[in-house]
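The next block holds one structure in the form of structure tokens; read it before the comments.
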Amino acid sequence: AIIKRLDEERRVVERLDFREAVWRDADKIAQALARTAADQPGDALDEKTLEAAFERLAERYDSRHGGFGSAPKFPTPHHLLFLLRYWKRTGSVVALEMVENTLEAMRRGGIFDPIGFGFHRYSTDSCWLVPHFEKMLYDNAQLVSLYCFAWQATGDRLFREVVFETLGFIEREMTSPDGFFYSALDADSEGVEGCYYVWQAEELDRILGSRSALIKKYFCVEQSGNWEKGVNILYRKLLSTEFAEKEGLAEDAADKMIKAAKEALLVERSRRLKPLLDDKVLVSWNSLMIKAYSDAFAAFGEVKFRDRAESALSRIIEKCI
């Protein structure tokens, strides 16, 4: 008992020493940044600066697929957040359309996991179809906040769904038992990139039965595969409401069918060898996710989002500061 108590006291002392070292380093960094800012003052931000930034983004905007530039294509939530704020400041319809089109295209494309939810790292092509299958905490955190703001600006139901689905993924697969958030899920499993996430058409027939034909249409599944080695990346050309109208289905019936199919495929997928989980806890990335939960609570008033943010923040303060 005495040895155990001494060991606990030693750990407390080490932790206090570590905290003091962190604060000392933080002060040194802040002082260095202050000196740099004083030595090299930048130009004041004005309307011309904002207009120039908007024009630069507009030049790089992909009007066909959304996003900026060509392959590989990254979500770049900071660009889209700037455009949202630019729209709010100036009323630019073009800026808002760039945001809406990009966020919708990402939700339809393979960069968003339609079964387990959450965003993959980036798209290897220009149309958001083929992702690099890694899932990063900081990407999903920033995108949750962005979709919250986009919903507040537009009221688009799709943006709300993305927030709730992505936070569901974070809760299920990226949250530790003690309330921290893990860093990433690998792209590979069984030594093959994307193996965990792709499907053969015959698999869907076996799992979904009579629903298979319609679900394969909804997820753009090809019998010979829409990606390499005859497998399919699930994505959508049509939203559920558009799909229901095209197929002559009642909207509620289509929603229920698609939801049930997703649940069945998630159960089946859970039996596969999962990608490696990077379970380290980074304060900066956890802070982004705490902000994402806070933004979701501010947007939708869901108490569970506030509680998750408060719980994670308390753990960070208790263990890391």
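Scheme for the structure tokens: letters A, B, ... for chains in order shown; per-chain residue numbers from 1; ligand numbers from 1 in order shown.
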Selection near Ile207 of chain A, 12 Å with only C-alpha atoms, sequence-local residues under 3 positions removed, as an MDAnalysis selection string: chainID A and resid 199:204 210:213 215:216 260:269
Within 10 Å of Arg64 of chain A using only C-alpha atoms, minus same-chain residues under 4 positions, as JSON, numbers by chain: {"A": [101, 102, 105, 126, 127]}
Polymer residues at most 9 Å from Asn140 of chain A, only C-alpha atoms, same-chain spacing of 5 or more positions, as a VMD selection string: chain A and resid 118 to 121 135 145 166 to 167 170 289 292
Segment 8-246 of chain A: residues DSSP assigns to strand (DSSP E or B), reported as a list of chain:residue names: A:Tyr61, A:Phe68, A:Lys73, A:Phe112, A:Phe119, A:Tyr122, A:Ser123, A:Pro131, A:His132, A:Lys135, A:Met136, A:Thr175, A:Phe181, A:Ala184, A:Leu185, A:Asp188, A:Ser189, A:Val192, A:Glu193, A:Trp199, A:Asn232
Write out the residues from the selection above, keeping C-alpha atoms, as a CSV table (one decimal), in the first residue's frame.
```csv
chain,number,residue,atom,x,y,z
A,61,TYR,CA,-14.3,26.7,-58.5
A,68,PHE,CA,-11.9,23.7,-56.2
A,73,LYS,CA,-9.8,17.1,-54.5
A,112,PHE,CA,-18.9,10.4,-47.8
A,119,PHE,CA,-16.1,11.7,-44.5
A,122,TYR,CA,-10.1,13.3,-49.9
A,123,SER,CA,-11.2,12.3,-53.4
A,131,PRO,CA,-11.9,8.5,-52.0
A,132,HIS,CA,-8.7,7.9,-50.2
A,135,LYS,CA,-11.1,8.9,-42.0
A,136,MET,CA,-9.5,11.8,-40.0
A,175,THR,CA,-15.0,8.1,-29.1
A,181,PHE,CA,-11.9,11.4,-29.5
A,184,ALA,CA,-8.1,8.4,-37.4
A,185,LEU,CA,-9.2,5.2,-39.1
A,188,ASP,CA,-6.6,-0.2,-45.5
A,189,SER,CA,-7.8,-3.5,-44.2
A,192,VAL,CA,-6.1,-3.6,-49.4
A,193,GLU,CA,-7.2,0.1,-49.5
A,199,TRP,CA,-19.2,-4.2,-52.3
A,232,ASN,CA,-18.5,-0.9,-56.1
```
Neighbour list for Leu96 of chain A as a PyMOL selection string, cut-off 12 Å, only C-alpha atoms, skip fewer than 4 positions in-chain: chain A and resi 54+58+79-92+100-103+149-151+153-154
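Taking atom CA of Asp255 of chain A and atom CA of Gln152 of chain A as endpoints, the distance between them is 23.5 Å.
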Leu214 of chain A surroundings by only C-alpha atoms, 10 Å radius, close-in-sequence under 6 positions cut, as a VMD selection string: chain A and resid 208 220 243 247 254 257 to 258
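With atom CA of Phe117 of chain A on one side and atom CA of Pro72 of chain A on the other, the separation reads 21.1 Å.
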Alpha helix (DSSP H) residues, from DSSP on the backbone, in segment 102-285 of chain A, as a ChimeraX atom specification: /A:102-108,137-154,157-173,201-208,212-218,240-247,251-269,283-285
Distance in Å - atom CA of Leu137 of chain A versus atom CA of Asp62 of chain A: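 Atom CA of Leu137 of chain A sits 26.0 Å away from atom CA of Asp62 of chain A.
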Proximity to Arg308 of chain A - best of A:Thr49, A:Asp178, A:Asp125, A:Lys280, only C-alpha atoms: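 Counting only C-alpha atoms, the residue closest to Arg308 of chain A is A:Asp178.
Each of A:Lys237, A:Arg160, A:Lys229, A:Arg56 was compared to Gly109 of chain A using only C-alpha atoms, and A:Lys237 turns out to be the nearest.
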